[in-house]
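Data block below; observations after.
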Amino acid sequence: MLPSRSPNPVPSRTSKQQASAERSALFVSTLTSFMGPFMISSVNVALPTIQHELAMTAVELGWVATSYLLAMAVGLIPAGKIADIHGRKKVFSIGLLIYTIGSTAAVIAGNTVAFLALRVVQGLGAALFVTTGMAILTSVFPLHKRGRAIGVYVSAVYLGLSVGPFIGGVMTQQFGWRSIFAVMFPLGAMSILVTRVFLKGEWADEESHRLDVPGCLIYAIAIVALVYGASILPGATGWILVPVGILGLVLFFLQQRRALDPVFEVTLFLENRTFTFSSLAALLNYSATFAVTFMMSLYLQYIKGMPPQAAGSILMAQPVVMALFSPLAGRLSDRIQPRLLATAGMSITTVGMVVFTQLAASSSISFITGNLILLGLGFALFSSPNMSAIMGAVDKKDYGLASGTVATMRLLGQMTSMAIATVVLTYFVGHHVIEPANYDRFMASVQMVFSVSAVLCTVGIYFSMFRGRLR
């Protein structure tokens, strides 16, 4: 079917067909928005079990999350443009298929190399359906229904983060860590079936006829060099690759300014202070907070000796608070300057990070749970108002670009956070299995990660507060 010429094309259909398309789009978009966060948060709880079975070192353990995020970040930039050219439903379906195959194959992975390679496959598939899911939702739903649909979509993200640690802990303890990946097969297959059978039509932009391949390659090489280089510091190769990655991102920025059909529009960063500072605040917030679950999962299971299910129950505290307070923060940002709420949230998060720098083997579970609740409140107050500030700082025609920028900042921040954790673990623990003999060095790495996170949040307070008034 030829793509429509309207900006948000909806094929001509009866009200019954339209209602069916809306239900199908909401189902697949919401399910896939749940799958990604659920996978990330549930796998974090299973890390000690995965490490034991596959005999991973501490550094390799860090790459379980980093390889997925890296592949997703590399694929996210070109995926949106490819979807505009060839059709969003087509790219969405292909992404689901790749993700489902990677998840199912991970069930039988017999060694570290194979498992990490399949995590890369998962990340590439996720990039395709994450960047197109919201676009499909926007294309199918009319303006007067769109806000409610997007609200359900966002709620599913937080639901995945909330239940992932607990359900992942239960599944790991009762059925083994491979069951987490096995459950992705029915979820993925169901999404593919609904997309292909019930979601009629295709959505593409006839004006987006060219993919900026050089820009995609420059970006991919820069990101891989930067993240991989950071993971092998302080080795000599790492000191070479990190500057190469930074220079590559600078080159990408300059190349995108000159490109006739850029894969990533960078002019907004030069012309819009509120947009730029809000995006940088998001980057710093994710860079500081994403590794919390990773480090605390290891701490609770190694230092506190908790089984996966119990550790998952503790780790639920943060995302549950995020899910409860984020809608309230979003509504408040309609009446209060978003920068004030977001800055308050970033400040609370900074306090939580400073508190965790004092974490010790003797710290009580109530102390840990209370601080996770504090971090969840801080992130909730920051996230929704900051998103409101980003979207409110651009014209309506740039909503897609702004949404894509948020996703990119989130992924880059998550990768940065995991890179920090990996570098610190490499320095303190090295290429060794985490065991009682090096628990003291592991605790030093935990305290260092939270110290770096506190510094990042402090810098983030500046960008959040001085972004300028939104209205």
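Chain labels A, B, ... are given in the sequence in which chains occur in the structure tokens; within each chain residues are numbered consecutively from 1, and ligands are likewise numbered from 1 in the order shown.
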- Message: Can you pull out the residues contacting Val266 of chain A? Cut-off 9 Å, using only C-alpha atoms, and skip same-chain residues under 5 positions away; I want them as JSON, numbers by chain.
- Response: {"A": [253, 254, 256, 257]}
- For Val250 of chain A, list every protein, DNA or RNA residue within 12 Å, evaluated using only C-alpha atoms, and leave out those in the same chain fewer than 2 positions away; present the list as a count of residues only. 18
- Message: So that I can see what lies close to segment 314-325 of chain A, please list as a PyMOL selection string the residues with an atom at most 9 Å from it, counting only C-alpha atoms and leaving out residues fewer than 5 positions away in the same chain.
- Response: chain A and resi 45+155+157-166+293+296-297+300+309+330+365+368-381
- Query: Any idea what's packed within 10 Å of Val113 of chain A, counting only C-alpha atoms, ignoring anything in its chain fewer than 6 positions away? Could you give it as an MDAnalysis selection string?
  - Reply: chainID A and resid 54 56 60 119
Dump of all heavy atoms for the selected residues, as an mmCIF file, in the first residue's frame:
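File produced: part.cif:
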```cif
data_model
loop_
_atom_site.group_PDB
_atom_site.id
_atom_site.type_symbol
_atom_site.label_atom_id
_atom_site.label_comp_id
_atom_site.auth_asym_id
_atom_site.auth_seq_id
_atom_site.Cartn_x
_atom_site.Cartn_y
_atom_site.Cartn_z
ATOM 1 N N LEU A 54 27.599 -18.984 33.801
ATOM 2 C CA LEU A 54 28.436 -18.753 32.625
ATOM 3 C C LEU A 54 29.873 -18.378 32.983
ATOM 4 O O LEU A 54 30.668 -18.077 32.091
ATOM 5 C CB LEU A 54 27.817 -17.651 31.746
ATOM 6 C CG LEU A 54 26.427 -17.950 31.168
ATOM 7 C CD1 LEU A 54 25.963 -16.811 30.274
ATOM 8 C CD2 LEU A 54 26.428 -19.268 30.384
ATOM 9 N N MET A 56 31.232 -15.709 34.424
ATOM 10 C CA MET A 56 31.581 -14.370 33.970
ATOM 11 C C MET A 56 32.451 -13.644 34.994
ATOM 12 O O MET A 56 32.292 -13.829 36.201
ATOM 13 C CB MET A 56 30.312 -13.540 33.741
ATOM 14 C CG MET A 56 29.516 -13.913 32.514
ATOM 15 S SD MET A 56 28.109 -12.780 32.342
ATOM 16 C CE MET A 56 27.547 -13.217 30.702
ATOM 17 N N GLU A 60 32.694 -8.594 32.517
ATOM 18 C CA GLU A 60 31.759 -9.212 31.570
ATOM 19 C C GLU A 60 30.322 -9.067 32.057
ATOM 20 O O GLU A 60 29.399 -8.895 31.264
ATOM 21 C CB GLU A 60 32.110 -10.683 31.382
ATOM 22 C CG GLU A 60 33.409 -10.904 30.625
ATOM 23 C CD GLU A 60 33.883 -12.347 30.665
ATOM 24 O OE1 GLU A 60 33.447 -13.099 31.575
ATOM 25 O OE2 GLU A 60 34.699 -12.727 29.812
ATOM 26 N N ARG A 119 22.492 -10.628 23.235
ATOM 27 C CA ARG A 119 22.023 -9.384 23.842
ATOM 28 C C ARG A 119 22.115 -8.233 22.825
ATOM 29 O O ARG A 119 21.269 -7.344 22.802
ATOM 30 C CB ARG A 119 22.858 -9.050 25.080
ATOM 31 C CG ARG A 119 22.611 -9.962 26.256
ATOM 32 C CD ARG A 119 21.250 -9.733 26.861
ATOM 33 N NE ARG A 119 21.225 -8.543 27.713
ATOM 34 C CZ ARG A 119 20.118 -7.976 28.170
ATOM 35 N NH1 ARG A 119 18.931 -8.463 27.823
ATOM 36 N NH2 ARG A 119 20.165 -6.917 28.952
#
```
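The residue that comes closest to Phe181 of chain A, out of A:Val459, A:Ile303, A:Met39, A:Ile232 and on the basis of only C-alpha atoms, is A:Met39.
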- Task: Write out as an MDAnalysis selection string each polymer residue whose atoms come within 9 Å of Leu116 of chain A, counting only C-alpha atoms; drop sequence neighbours fewer than 4 positions from it.
- Result: chainID A and resid 60 63:64 67:68 106 111:112 120:121
Same residues, N, CA and C atoms, saved as a PDB file, in the first residue's frame:
```
ATOM      1  N   GLU A  60      32.694  -8.594  32.517  1.00  0.00           N
ATOM      2  CA  GLU A  60      31.759  -9.212  31.570  1.00  0.00           C
ATOM      3  C   GLU A  60      30.322  -9.067  32.057  1.00  0.00           C
ATOM      4  N   TRP A  63      28.760  -5.965  30.991  1.00  0.00           N
ATOM      5  CA  TRP A  63      28.408  -5.935  29.572  1.00  0.00           C
ATOM      6  C   TRP A  63      27.079  -6.617  29.267  1.00  0.00           C
ATOM      7  N   VAL A  64      26.490  -7.323  30.229  1.00  0.00           N
ATOM      8  CA  VAL A  64      25.166  -7.916  30.011  1.00  0.00           C
ATOM      9  C   VAL A  64      24.151  -6.813  29.714  1.00  0.00           C
ATOM     10  N   SER A  67      25.889  -4.185  26.513  1.00  0.00           N
ATOM     11  CA  SER A  67      25.820  -4.656  25.130  1.00  0.00           C
ATOM     12  C   SER A  67      24.429  -4.438  24.550  1.00  0.00           C
ATOM     13  N   TYR A  68      23.396  -4.653  25.348  1.00  0.00           N
ATOM     14  CA  TYR A  68      22.011  -4.437  24.918  1.00  0.00           C
ATOM     15  C   TYR A  68      21.762  -2.952  24.636  1.00  0.00           C
ATOM     16  N   ALA A 106      18.726 -16.802  23.330  1.00  0.00           N
ATOM     17  CA  ALA A 106      19.485 -16.606  24.569  1.00  0.00           C
ATOM     18  C   ALA A 106      19.174 -17.687  25.597  1.00  0.00           C
ATOM     19  N   ASN A 111      27.637 -20.016  26.541  1.00  0.00           N
ATOM     20  CA  ASN A 111      28.846 -19.351  27.018  1.00  0.00           C
ATOM     21  C   ASN A 111      28.658 -17.839  26.978  1.00  0.00           C
ATOM     22  N   THR A 112      29.615 -17.139  27.545  1.00  0.00           N
ATOM     23  CA  THR A 112      29.514 -15.685  27.674  1.00  0.00           C
ATOM     24  C   THR A 112      29.453 -14.984  26.326  1.00  0.00           C
ATOM     25  N   VAL A 120      23.143  -8.272  21.981  1.00  0.00           N
ATOM     26  CA  VAL A 120      23.277  -7.276  20.910  1.00  0.00           C
ATOM     27  C   VAL A 120      22.112  -7.408  19.934  1.00  0.00           C
ATOM     28  N   VAL A 121      21.774  -8.652  19.573  1.00  0.00           N
ATOM     29  CA  VAL A 121      20.639  -8.893  18.670  1.00  0.00           C
ATOM     30  C   VAL A 121      19.358  -8.344  19.297  1.00  0.00           C
TER      31      VAL A 121
END
```
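Relative to atom CA of Arg441 of chain A, atom CA of Phe428 of chain A is found at 5.5 Å.
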- For Gln337 of chain A, the nearest of the candidates A:Thr32, A:Thr104, A:Ser362, A:Asn386, counting only C-alpha atoms: A:Asn386
- Determine which residues of segment 221-352 of chain A receive a DSSP assignment of helix (DSSP H, G or I), computed from the backbone, and state them as a VMD selection string. chain A and resid 221 to 231 236 to 258 267 to 271 273 to 289 291 to 303 308 to 315 317 to 332 338 to 352
- Message: So that I can check the surroundings of Val170 of chain A, please list as number ranges by chain every protein, DNA and RNA residue that reaches within 12 Å of it, counting only C-alpha atoms and ignoring chain neighbours fewer than 5 positions away.
- Response: A: 42-43, 45-46, 163-165, 175-177, 179-180, 307-313
- Message: Quick one: residues within 12 Å of Thr405 of chain A, only C-alpha atoms, excluding same-chain residues fewer than 3 positions away - as a ChimeraX atom specification?
- Response: /A:73,76-77,80,131,263-266,268-269,275-276,278-280,282-283,387,390-391,394,398-402,408-413
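Atom CA of Asp84 of chain A is found 17.3 Å from atom CA of Ala259 of chain A.
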- Point out the residue among A:Gln122, A:Asn272, A:Gln414, A:Ser15 with the least atom-to-atom distance to Met35 of chain A, counting only C-alpha atoms. A:Gln122
